[in-house]
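Contents: one structure, followed by commentary.
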Amino acid sequence: MDRPTYSFVIPLYNEAETLPELYRQLTHLFEALEGEVELILVDDGSHDRSLEILRSLQSRDARVRYVSLGRNFGHQIALSAGLQFVTGKAIIVMDADLQDPPEVVLKLIEKWQEGYEVVYAQRISRSQESWLKRGLAFGFYRLLQQLSDVNIPADTGDFCLMDEAVVAVLTHMPERNRYIRGLRAWVGFRQIAVPFDRPGRYAGSVKYTFRKSFGLALNSILGFSKVPLRLSTYLGLFSAGFAGLMMALTLYWRIFQTSTSAHRLEGFTLITIAIFFLGAVQLICMGILGEYIGRIYEEVKGRPLYTVRELGGIPKDRGSLPS
Ligand code: UDP
Ligand code: MG
């Protein structure tokens, strides 16, 4: 078989309820595409019927391939795993829950044909999501833009099309803390946004728990910004300035003691506040340092990014386990 033009990569975790519909809509989309297609589904350690469904899809349709990971490694790692196995010229990354509408893919492909190497879908609205999630996402993306050294476009998820050249760079990045949207922006090349309206989930519950989302947000900031480290310096400078001011005030009141101000800066309360304040500043700074050091520790251990338990429709020698 010829090398496919399009590779679809879809990580999924317990998506048995949406898989049949996802497959139905995708095959419909494939009919509209010119050129060969492959569909790489990454089972991120699901414990529902997802893997069974993948096996049966693969036995019926040669375009379907799957990678089943040894356990739940998280969406970003599952996606990285999928990217290792693609053979297409344009790689399309989507979620399994149909929140990334297949019809938008046609617009992504149009831009790729115009010569863009990264075409990312940008959410202009998220009508179906709770106001809390929308609010947090809005705030987070803007904060990240302020802090990050790379220009990571706001309101973009992993839904995108990447040229094989970009994917080749991504798959050769050894880092463990993978915030793919950030890495994708870091790569550069010619990039463009395609706006779309993000619908709700087709079925099932959100697999990105609040904890996972928070972890992703933290990873993205720590992975793409050194501002938190500088925060220690700023806090230190602020405390030093504050202490200097207090010293000057005390001295002033000592020398020009007036009856009302004499006892203002004395006593237990003041000392307690000062101790707690400095203690807090130090703990915050240590915590920030700890987050970075913890990540260095993760990197130097050099464990593989993921383990593979089962491959379907993919030759064993294709795709390499990152070393
Ligand atoms: N997902 C995954 N591993 C996880 C969590 C989620 O592969 O540990 C997949 C999930 O099946 C879906 C995509 O990541 O295809 C996005 O997850 P979800 O829809 O739950 O989160 P959202 O991005 O909509 O908040
Ligand atoms: Mg979703």
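Letters for chains follow the order of the structure tokens (A, B, ...), residue numbers begin at 1 for each chain, and ligand numbers begin at 1 in the order shown.
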
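Secondary structure by DSSP on the backbone puts the following residues of stretch 109-251 of chain A in strand (DSSP E or B): Val118, Val119, Tyr120, Ala121, Gln122, Arg123, Ile124, Ser125, Thr156, Gly157, Asp158, Phe159, Cys160, Leu161, Met162, Asp163, Gln191, Ile192, Ala193, Val194, Pro195, Phe196 and Asp197 of chain A.
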
I'd like a table as a tab-separated table: residues in chain A with an atom no more than 8 Å from ligand 2, each row giving the shortest atom pair and its distance in Å to one decimal, only C-alpha atoms and all ligand atoms counted, sorted by chain and rising residue number.
```
residue	atom	partner	partner_atom_place_in_ligand_line	distance
A:Asp95	CA	ligand 2	1 (Mg)	6.5
A:Ala96	CA	ligand 2	1 (Mg)	7.5
A:Asp97	CA	ligand 2	1 (Mg)	5.5
A:Leu98	CA	ligand 2	1 (Mg)	7.4
A:Gln99	CA	ligand 2	1 (Mg)	5.5
A:Gly200	CA	ligand 2	1 (Mg)	7.3
A:Arg201	CA	ligand 2	1 (Mg)	5.5
A:Val206	CA	ligand 2	1 (Mg)	6.0
A:Lys207	CA	ligand 2	1 (Mg)	7.4
A:Tyr208	CA	ligand 2	1 (Mg)	7.7
```

Convert the current residue selection to file output with N, CA and C atoms, as a PDB file, in the first residue's frame.
```pdb
ATOM      1  N   ASP A  95      -9.575  14.816  19.413  1.00  0.00           N
ATOM      2  CA  ASP A  95     -10.075  14.120  20.594  1.00  0.00           C
ATOM      3  C   ASP A  95     -11.060  13.049  20.145  1.00  0.00           C
ATOM      4  N   ALA A  96     -11.290  12.080  21.022  1.00  0.00           N
ATOM      5  CA  ALA A  96     -12.174  10.977  20.645  1.00  0.00           C
ATOM      6  C   ALA A  96     -13.645  11.293  20.883  1.00  0.00           C
ATOM      7  N   ASP A  97     -13.936  12.376  21.609  1.00  0.00           N
ATOM      8  CA  ASP A  97     -15.319  12.587  22.049  1.00  0.00           C
ATOM      9  C   ASP A  97     -16.140  13.451  21.099  1.00  0.00           C
ATOM     10  N   LEU A  98     -15.618  13.675  19.896  1.00  0.00           N
ATOM     11  CA  LEU A  98     -16.304  14.459  18.861  1.00  0.00           C
ATOM     12  C   LEU A  98     -16.473  15.929  19.246  1.00  0.00           C
ATOM     13  N   GLN A  99     -15.651  16.382  20.207  1.00  0.00           N
ATOM     14  CA  GLN A  99     -15.653  17.821  20.498  1.00  0.00           C
ATOM     15  C   GLN A  99     -14.824  18.565  19.452  1.00  0.00           C
ATOM     16  N   GLY A 200     -20.280  20.295  22.652  1.00  0.00           N
ATOM     17  CA  GLY A 200     -20.109  19.478  23.858  1.00  0.00           C
ATOM     18  C   GLY A 200     -19.674  18.076  23.500  1.00  0.00           C
ATOM     19  N   ARG A 201     -19.423  17.287  24.517  1.00  0.00           N
ATOM     20  CA  ARG A 201     -19.059  15.895  24.341  1.00  0.00           C
ATOM     21  C   ARG A 201     -20.186  15.115  23.680  1.00  0.00           C
ATOM     22  N   VAL A 206     -16.357  13.605  31.131  1.00  0.00           N
ATOM     23  CA  VAL A 206     -15.045  14.187  30.861  1.00  0.00           C
ATOM     24  C   VAL A 206     -13.954  13.305  31.457  1.00  0.00           C
ATOM     25  N   LYS A 207     -12.923  13.024  30.671  1.00  0.00           N
ATOM     26  CA  LYS A 207     -11.843  12.170  31.161  1.00  0.00           C
ATOM     27  C   LYS A 207     -10.693  13.007  31.716  1.00  0.00           C
ATOM     28  N   TYR A 208     -10.723  14.301  31.375  1.00  0.00           N
ATOM     29  CA  TYR A 208      -9.750  15.212  31.950  1.00  0.00           C
ATOM     30  C   TYR A 208     -10.313  15.689  33.266  1.00  0.00           C
TER      31      TYR A 208
END
```

I need the helix (DSSP H, G or I) residues of stretch 45-216 of chain A per DSSP on the backbone, written as a JSON list (two decimals) with N, CA, C and O atoms, in the first residue's frame.
```
[["chain", "number", "residue", "atom", "x", "y", "z"],
["A", 50, "SER", "N", -13.26, -0.18, 25.29],
["A", 50, "SER", "CA", -12.62, 0.54, 24.18],
["A", 50, "SER", "C", -11.69, -0.35, 23.35],
["A", 50, "SER", "O", -11.77, -0.38, 22.12],
["A", 51, "LEU", "N", -10.82, -1.10, 24.04],
["A", 51, "LEU", "CA", -9.83, -1.90, 23.32],
["A", 51, "LEU", "C", -10.50, -2.97, 22.45],
["A", 51, "LEU", "O", -10.10, -3.19, 21.31],
["A", 52, "GLU", "N", -11.54, -3.60, 23.00],
["A", 52, "GLU", "CA", -12.28, -4.59, 22.20],
["A", 52, "GLU", "C", -12.82, -3.96, 20.93],
["A", 52, "GLU", "O", -12.75, -4.54, 19.85],
["A", 53, "ILE", "N", -13.38, -2.76, 21.09],
["A", 53, "ILE", "CA", -13.93, -2.07, 19.92],
["A", 53, "ILE", "C", -12.82, -1.77, 18.91],
["A", 53, "ILE", "O", -12.99, -1.98, 17.71],
["A", 54, "LEU", "N", -11.68, -1.35, 19.41],
["A", 54, "LEU", "CA", -10.55, -1.07, 18.51],
["A", 54, "LEU", "C", -10.17, -2.32, 17.74],
["A", 54, "LEU", "O", -9.95, -2.28, 16.53],
["A", 55, "ARG", "N", -10.10, -3.45, 18.45],
["A", 55, "ARG", "CA", -9.73, -4.71, 17.78],
["A", 55, "ARG", "C", -10.72, -5.03, 16.67],
["A", 55, "ARG", "O", -10.33, -5.41, 15.57],
["A", 56, "SER", "N", -12.00, -4.85, 16.98],
["A", 56, "SER", "CA", -12.98, -5.25, 15.96],
["A", 56, "SER", "C", -12.96, -4.27, 14.78],
["A", 56, "SER", "O", -13.10, -4.67, 13.63],
["A", 57, "LEU", "N", -12.76, -2.98, 15.06],
["A", 57, "LEU", "CA", -12.66, -2.00, 13.95],
["A", 57, "LEU", "C", -11.47, -2.35, 13.07],
["A", 57, "LEU", "O", -11.55, -2.33, 11.84],
["A", 58, "GLN", "N", -10.37, -2.72, 13.72],
["A", 58, "GLN", "CA", -9.15, -2.99, 12.97],
["A", 58, "GLN", "C", -9.30, -4.23, 12.09],
["A", 58, "GLN", "O", -8.79, -4.29, 10.97],
["A", 59, "SER", "N", -10.04, -5.22, 12.60],
["A", 59, "SER", "CA", -10.19, -6.44, 11.80],
["A", 59, "SER", "C", -11.08, -6.20, 10.58],
["A", 59, "SER", "O", -11.00, -6.91, 9.59],
["A", 60, "ARG", "N", -11.93, -5.18, 10.68],
["A", 60, "ARG", "CA", -12.85, -4.92, 9.58],
["A", 60, "ARG", "C", -12.29, -3.92, 8.57],
["A", 60, "ARG", "O", -12.66, -3.91, 7.40],
["A", 75, "HIS", "N", -3.24, 12.05, 28.56],
["A", 75, "HIS", "CA", -3.53, 12.41, 27.18],
["A", 75, "HIS", "C", -2.30, 12.86, 26.38],
["A", 75, "HIS", "O", -2.08, 12.42, 25.25],
["A", 76, "GLN", "N", -1.47, 13.71, 26.98],
["A", 76, "GLN", "CA", -0.34, 14.26, 26.23],
["A", 76, "GLN", "C", 0.68, 13.17, 25.85],
["A", 76, "GLN", "O", 1.26, 13.20, 24.77],
["A", 77, "ILE", "N", 0.87, 12.22, 26.76],
["A", 77, "ILE", "CA", 1.79, 11.12, 26.47],
["A", 77, "ILE", "C", 1.18, 10.19, 25.43],
["A", 77, "ILE", "O", 1.86, 9.74, 24.50],
["A", 78, "ALA", "N", -0.13, 9.91, 25.58],
["A", 78, "ALA", "CA", -0.80, 9.03, 24.62],
["A", 78, "ALA", "C", -0.70, 9.63, 23.22],
["A", 78, "ALA", "O", -0.44, 8.93, 22.23],
["A", 79, "LEU", "N", -0.88, 10.95, 23.16],
["A", 79, "LEU", "CA", -0.78, 11.63, 21.87],
["A", 79, "LEU", "C", 0.65, 11.52, 21.31],
["A", 79, "LEU", "O", 0.85, 11.22, 20.13],
["A", 80, "SER", "N", 1.64, 11.72, 22.18],
["A", 80, "SER", "CA", 3.04, 11.59, 21.75],
["A", 80, "SER", "C", 3.30, 10.19, 21.23],
["A", 80, "SER", "O", 4.01, 10.00, 20.24],
["A", 81, "ALA", "N", 2.71, 9.19, 21.91],
["A", 81, "ALA", "CA", 2.89, 7.80, 21.47],
["A", 81, "ALA", "C", 2.31, 7.64, 20.06],
["A", 81, "ALA", "O", 2.96, 7.08, 19.17],
["A", 82, "GLY", "N", 1.11, 8.15, 19.85],
["A", 82, "GLY", "CA", 0.46, 8.03, 18.54],
["A", 82, "GLY", "C", 1.31, 8.64, 17.44],
["A", 82, "GLY", "O", 1.45, 8.08, 16.35],
["A", 83, "LEU", "N", 1.92, 9.79, 17.74],
["A", 83, "LEU", "CA", 2.72, 10.50, 16.73],
["A", 83, "LEU", "C", 3.93, 9.67, 16.28],
["A", 83, "LEU", "O", 4.44, 9.81, 15.18],
["A", 84, "GLN", "N", 4.38, 8.77, 17.18],
["A", 84, "GLN", "CA", 5.52, 7.91, 16.83],
["A", 84, "GLN", "C", 5.21, 6.93, 15.72],
["A", 84, "GLN", "O", 6.10, 6.40, 15.10],
["A", 102, "PRO", "N", -15.35, 16.61, 12.93],
["A", 102, "PRO", "CA", -14.64, 16.13, 11.74],
["A", 102, "PRO", "C", -14.74, 17.08, 10.54],
["A", 102, "PRO", "O", -13.80, 17.16, 9.76],
["A", 103, "GLU", "N", -15.84, 17.82, 10.42],
["A", 103, "GLU", "CA", -15.96, 18.68, 9.24],
["A", 103, "GLU", "C", -14.93, 19.81, 9.24],
["A", 103, "GLU", "O", -14.57, 20.33, 8.19],
["A", 104, "VAL", "N", -14.46, 20.19, 10.43],
["A", 104, "VAL", "CA", -13.44, 21.25, 10.50],
["A", 104, "VAL", "C", -12.14, 20.77, 9.84],
["A", 104, "VAL", "O", -11.35, 21.58, 9.33],
["A", 105, "VAL", "N", -11.93, 19.45, 9.85],
["A", 105, "VAL", "CA", -10.70, 18.89, 9.28],
["A", 105, "VAL", "C", -10.53, 19.32, 7.82],
["A", 105, "VAL", "O", -9.41, 19.60, 7.37],
["A", 106, "LEU", "N", -11.63, 19.44, 7.11],
["A", 106, "LEU", "CA", -11.54, 19.85, 5.70],
["A", 106, "LEU", "C", -10.91, 21.24, 5.58],
["A", 106, "LEU", "O", -10.10, 21.50, 4.68],
["A", 107, "LYS", "N", -11.27, 22.11, 6.52],
["A", 107, "LYS", "CA", -10.69, 23.47, 6.50],
["A", 107, "LYS", "C", -9.21, 23.43, 6.86],
["A", 107, "LYS", "O", -8.41, 24.18, 6.31],
["A", 108, "LEU", "N", -8.86, 22.54, 7.80],
["A", 108, "LEU", "CA", -7.45, 22.41, 8.18],
["A", 108, "LEU", "C", -6.64, 21.96, 6.96],
["A", 108, "LEU", "O", -5.56, 22.49, 6.68],
["A", 109, "ILE", "N", -7.20, 20.98, 6.24],
["A", 109, "ILE", "CA", -6.49, 20.43, 5.09],
["A", 109, "ILE", "C", -6.31, 21.48, 3.99],
["A", 109, "ILE", "O", -5.24, 21.60, 3.38],
["A", 110, "GLU", "N", -7.36, 22.31, 3.82],
["A", 110, "GLU", "CA", -7.28, 23.38, 2.83],
["A", 110, "GLU", "C", -6.06, 24.28, 3.08],
["A", 110, "GLU", "O", -5.32, 24.62, 2.17],
["A", 111, "LYS", "N", -5.87, 24.64, 4.35],
["A", 111, "LYS", "CA", -4.75, 25.52, 4.71],
["A", 111, "LYS", "C", -3.41, 24.82, 4.49],
["A", 111, "LYS", "O", -2.43, 25.42, 4.07],
["A", 112, "TRP", "N", -3.39, 23.52, 4.80],
["A", 112, "TRP", "CA", -2.15, 22.75, 4.60],
["A", 112, "TRP", "C", -1.80, 22.74, 3.12],
["A", 112, "TRP", "O", -0.64, 22.90, 2.73],
["A", 113, "GLN", "N", -2.84, 22.60, 2.29],
["A", 113, "GLN", "CA", -2.58, 22.58, 0.85],
["A", 113, "GLN", "C", -2.11, 23.93, 0.34],
["A", 113, "GLN", "O", -1.41, 24.02, -0.66],
["A", 131, "TRP", "N", -19.66, 27.51, 32.70],
["A", 131, "TRP", "CA", -19.04, 28.85, 32.73],
["A", 131, "TRP", "C", -17.75, 28.82, 33.55],
["A", 131, "TRP", "O", -16.81, 29.55, 33.27],
["A", 132, "LEU", "N", -17.70, 27.91, 34.54],
["A", 132, "LEU", "CA", -16.50, 27.83, 35.37],
["A", 132, "LEU", "C", -15.31, 27.37, 34.52],
["A", 132, "LEU", "O", -14.23, 27.96, 34.53],
["A", 133, "LYS", "N", -15.54, 26.30, 33.73],
["A", 133, "LYS", "CA", -14.48, 25.77, 32.89],
["A", 133, "LYS", "C", -14.06, 26.80, 31.85],
["A", 133, "LYS", "O", -12.87, 27.00, 31.59],
["A", 134, "ARG", "N", -15.06, 27.49, 31.27],
["A", 134, "ARG", "CA", -14.74, 28.50, 30.26],
["A", 134, "ARG", "C", -13.93, 29.64, 30.88],
["A", 134, "ARG", "O", -12.95, 30.10, 30.32],
["A", 135, "GLY", "N", -14.36, 30.05, 32.08],
["A", 135, "GLY", "CA", -13.67, 31.15, 32.77],
["A", 135, "GLY", "C", -12.23, 30.78, 33.09],
["A", 135, "GLY", "O", -11.30, 31.55, 32.82],
["A", 136, "LEU", "N", -12.05, 29.58, 33.64],
["A", 136, "LEU", "CA", -10.70, 29.14, 34.00],
["A", 136, "LEU", "C", -9.83, 29.03, 32.75],
["A", 136, "LEU", "O", -8.67, 29.46, 32.75],
["A", 137, "ALA", "N", -10.40, 28.46, 31.69],
["A", 137, "ALA", "CA", -9.63, 28.30, 30.46],
["A", 137, "ALA", "C", -9.24, 29.67, 29.90],
["A", 137, "ALA", "O", -8.10, 29.88, 29.50],
["A", 138, "PHE", "N", -10.20, 30.61, 29.93],
["A", 138, "PHE", "CA", -9.93, 31.95, 29.41],
["A", 138, "PHE", "C", -8.76, 32.58, 30.18],
["A", 138, "PHE", "O", -7.79, 33.05, 29.59],
["A", 139, "GLY", "N", -8.86, 32.53, 31.51],
["A", 139, "GLY", "CA", -7.83, 33.13, 32.36],
["A", 139, "GLY", "C", -6.49, 32.44, 32.14],
["A", 139, "GLY", "O", -5.46, 33.10, 31.97],
["A", 140, "PHE", "N", -6.52, 31.12, 32.10],
["A", 140, "PHE", "CA", -5.28, 30.36, 32.00],
["A", 140, "PHE", "C", -4.53, 30.67, 30.70],
["A", 140, "PHE", "O", -3.33, 30.95, 30.71],
["A", 141, "TYR", "N", -5.24, 30.66, 29.58],
["A", 141, "TYR", "CA", -4.56, 30.87, 28.29],
["A", 141, "TYR", "C", -3.92, 32.25, 28.22],
["A", 141, "TYR", "O", -2.86, 32.44, 27.62],
["A", 142, "ARG", "N", -4.60, 33.25, 28.87],
["A", 142, "ARG", "CA", -4.02, 34.60, 28.83],
["A", 142, "ARG", "C", -2.81, 34.71, 29.76],
["A", 142, "ARG", "O", -1.83, 35.34, 29.42],
["A", 143, "LEU", "N", -2.90, 34.05, 30.91],
["A", 143, "LEU", "CA", -1.77, 34.05, 31.83],
["A", 143, "LEU", "C", -0.56, 33.39, 31.17],
["A", 143, "LEU", "O", 0.56, 33.90, 31.21],
["A", 144, "LEU", "N", -0.83, 32.27, 30.52],
["A", 144, "LEU", "CA", 0.26, 31.53, 29.86],
["A", 144, "LEU", "C", 0.92, 32.41, 28.80],
["A", 144, "LEU", "O", 2.15, 32.44, 28.67],
["A", 145, "GLN", "N", 0.09, 33.17, 28.06],
["A", 145, "GLN", "CA", 0.66, 34.03, 27.02],
["A", 145, "GLN", "C", 1.57, 35.09, 27.62],
["A", 145, "GLN", "O", 2.59, 35.45, 27.06],
["A", 146, "GLN", "N", 1.16, 35.60, 28.79],
["A", 146, "GLN", "CA", 1.96, 36.63, 29.45],
["A", 146, "GLN", "C", 3.29, 36.06, 29.92],
["A", 146, "GLN", "O", 4.32, 36.70, 29.84],
["A", 147, "LEU", "N", 3.24, 34.83, 30.44],
["A", 147, "LEU", "CA", 4.42, 34.27, 31.11],
["A", 147, "LEU", "C", 5.38, 33.56, 30.17],
["A", 147, "LEU", "O", 6.58, 33.51, 30.41],
["A", 164, "GLU", "N", 4.29, 16.47, 8.15],
["A", 164, "GLU", "CA", 5.18, 15.42, 8.67],
["A", 164, "GLU", "C", 6.51, 15.98, 9.19],
["A", 164, "GLU", "O", 7.10, 15.45, 10.13],
["A", 165, "ALA", "N", 6.95, 17.10, 8.59],
["A", 165, "ALA", "CA", 8.22, 17.70, 9.02],
["A", 165, "ALA", "C", 8.12, 18.18, 10.47],
["A", 165, "ALA", "O", 9.07, 18.03, 11.26],
["A", 166, "VAL", "N", 6.97, 18.74, 10.83],
["A", 166, "VAL", "CA", 6.77, 19.23, 12.19],
["A", 166, "VAL", "C", 6.69, 18.05, 13.16],
["A", 166, "VAL", "O", 7.28, 18.06, 14.24],
["A", 167, "VAL", "N", 5.97, 17.01, 12.74],
["A", 167, "VAL", "CA", 5.84, 15.83, 13.60],
["A", 167, "VAL", "C", 7.20, 15.17, 13.82],
["A", 167, "VAL", "O", 7.51, 14.70, 14.92],
["A", 168, "ALA", "N", 8.03, 15.18, 12.78],
["A", 168, "ALA", "CA", 9.37, 14.61, 12.93],
["A", 168, "ALA", "C", 10.14, 15.34, 14.02],
["A", 168, "ALA", "O", 10.83, 14.72, 14.83],
["A", 169, "VAL", "N", 10.00, 16.66, 14.07],
["A", 169, "VAL", "CA", 10.68, 17.42, 15.13],
["A", 169, "VAL", "C", 10.09, 17.05, 16.49],
["A", 169, "VAL", "O", 10.82, 16.76, 17.45],
["A", 170, "LEU", "N", 8.77, 17.02, 16.57],
["A", 170, "LEU", "CA", 8.11, 16.72, 17.86],
["A", 170, "LEU", "C", 8.50, 15.35, 18.40],
["A", 170, "LEU", "O", 8.75, 15.19, 19.59],
["A", 171, "THR", "N", 8.54, 14.36, 17.51],
["A", 171, "THR", "CA", 8.84, 13.02, 18.00],
["A", 171, "THR", "C", 10.30, 12.86, 18.38],
["A", 171, "THR", "O", 10.67, 11.89, 19.03],
["A", 180, "ILE", "N", 1.96, 19.53, 24.41],
["A", 180, "ILE", "CA", 2.12, 19.46, 22.96],
["A", 180, "ILE", "C", 1.81, 20.80, 22.27],
["A", 180, "ILE", "O", 2.49, 21.20, 21.35],
["A", 181, "ARG", "N", 0.75, 21.50, 22.76],
["A", 181, "ARG", "CA", 0.42, 22.78, 22.11],
["A", 181, "ARG", "C", 1.58, 23.74, 22.18],
["A", 181, "ARG", "O", 1.81, 24.53, 21.27],
["A", 182, "GLY", "N", 2.28, 23.69, 23.32],
["A", 182, "GLY", "CA", 3.43, 24.57, 23.49],
["A", 182, "GLY", "C", 4.58, 24.15, 22.59],
["A", 182, "GLY", "O", 5.19, 24.97, 21.91],
["A", 183, "LEU", "N", 4.86, 22.86, 22.57],
["A", 183, "LEU", "CA", 5.96, 22.35, 21.74],
["A", 183, "LEU", "C", 5.68, 22.65, 20.27],
["A", 183, "LEU", "O", 6.58, 23.02, 19.50],
["A", 184, "ARG", "N", 4.41, 22.50, 19.90],
["A", 184, "ARG", "CA", 4.00, 22.76, 18.52],
["A", 184, "ARG", "C", 4.26, 24.22, 18.15],
["A", 184, "ARG", "O", 4.71, 24.52, 17.05],
["A", 185, "ALA", "N", 3.99, 25.12, 19.09],
["A", 185, "ALA", "CA", 4.26, 26.54, 18.83],
["A", 185, "ALA", "C", 5.76, 26.80, 18.79],
["A", 185, "ALA", "O", 6.25, 27.59, 17.99],
["A", 186, "TRP", "N", 6.48, 26.09, 19.66],
["A", 186, "TRP", "CA", 7.93, 26.27, 19.76],
["A", 186, "TRP", "C", 8.62, 25.92, 18.44],
["A", 186, "TRP", "O", 9.59, 26.56, 18.03],
["A", 187, "VAL", "N", 8.11, 24.89, 17.77],
["A", 187, "VAL", "CA", 8.73, 24.40, 16.54],
["A", 187, "VAL", "C", 8.83, 25.50, 15.49],
["A", 187, "VAL", "O", 9.83, 25.60, 14.77],
["A", 210, "PHE", "N", -10.41, 17.45, 37.00],
["A", 210, "PHE", "CA", -9.87, 18.75, 37.38],
["A", 210, "PHE", "C", -8.39, 18.63, 37.71],
["A", 210, "PHE", "O", -7.58, 19.47, 37.34],
["A", 211, "ARG", "N", -8.04, 17.52, 38.37],
["A", 211, "ARG", "CA", -6.65, 17.32, 38.74],
["A", 211, "ARG", "C", -5.75, 17.24, 37.50],
["A", 211, "ARG", "O", -4.68, 17.84, 37.45],
["A", 212, "LYS", "N", -6.21, 16.48, 36.50],
["A", 212, "LYS", "CA", -5.41, 16.34, 35.28],
["A", 212, "LYS", "C", -5.28, 17.68, 34.56],
["A", 212, "LYS", "O", -4.22, 18.03, 34.05],
["A", 213, "SER", "N", -6.38, 18.44, 34.52],
["A", 213, "SER", "CA", -6.33, 19.75, 33.85],
["A", 213, "SER", "C", -5.38, 20.68, 34.59],
["A", 213, "SER", "O", -4.62, 21.42, 33.98],
["A", 214, "PHE", "N", -5.46, 20.64, 35.94],
["A", 214, "PHE", "CA", -4.59, 21.51, 36.73],
["A", 214, "PHE", "C", -3.13, 21.13, 36.50],
["A", 214, "PHE", "O", -2.27, 21.99, 36.31],
["A", 215, "GLY", "N", -2.87, 19.82, 36.46],
["A", 215, "GLY", "CA", -1.51, 19.34, 36.20],
["A", 215, "GLY", "C", -1.01, 19.82, 34.85],
["A", 215, "GLY", "O", 0.14, 20.25, 34.71],
["A", 216, "LEU", "N", -1.90, 19.78, 33.86],
["A", 216, "LEU", "CA", -1.52, 20.21, 32.51],
["A", 216, "LEU", "C", -1.19, 21.71, 32.51],
["A", 216, "LEU", "O", -0.20, 22.14, 31.91]]
```

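Minimum distance to A:Arg126 across A:Phe196, A:Tyr306, A:Phe238, A:Tyr252 (counting only C-alpha atoms) occurs at A:Phe196.
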
>> Set the distance at 12 Å and use only C-alpha atoms: which residues neighbour A:Glu310 once local chain neighbours fewer than 6 positions away are removed? I'd like the list as a PyMOL selection string.
In response: chain A and resi 41-45+51-52+54-55+65-71+316
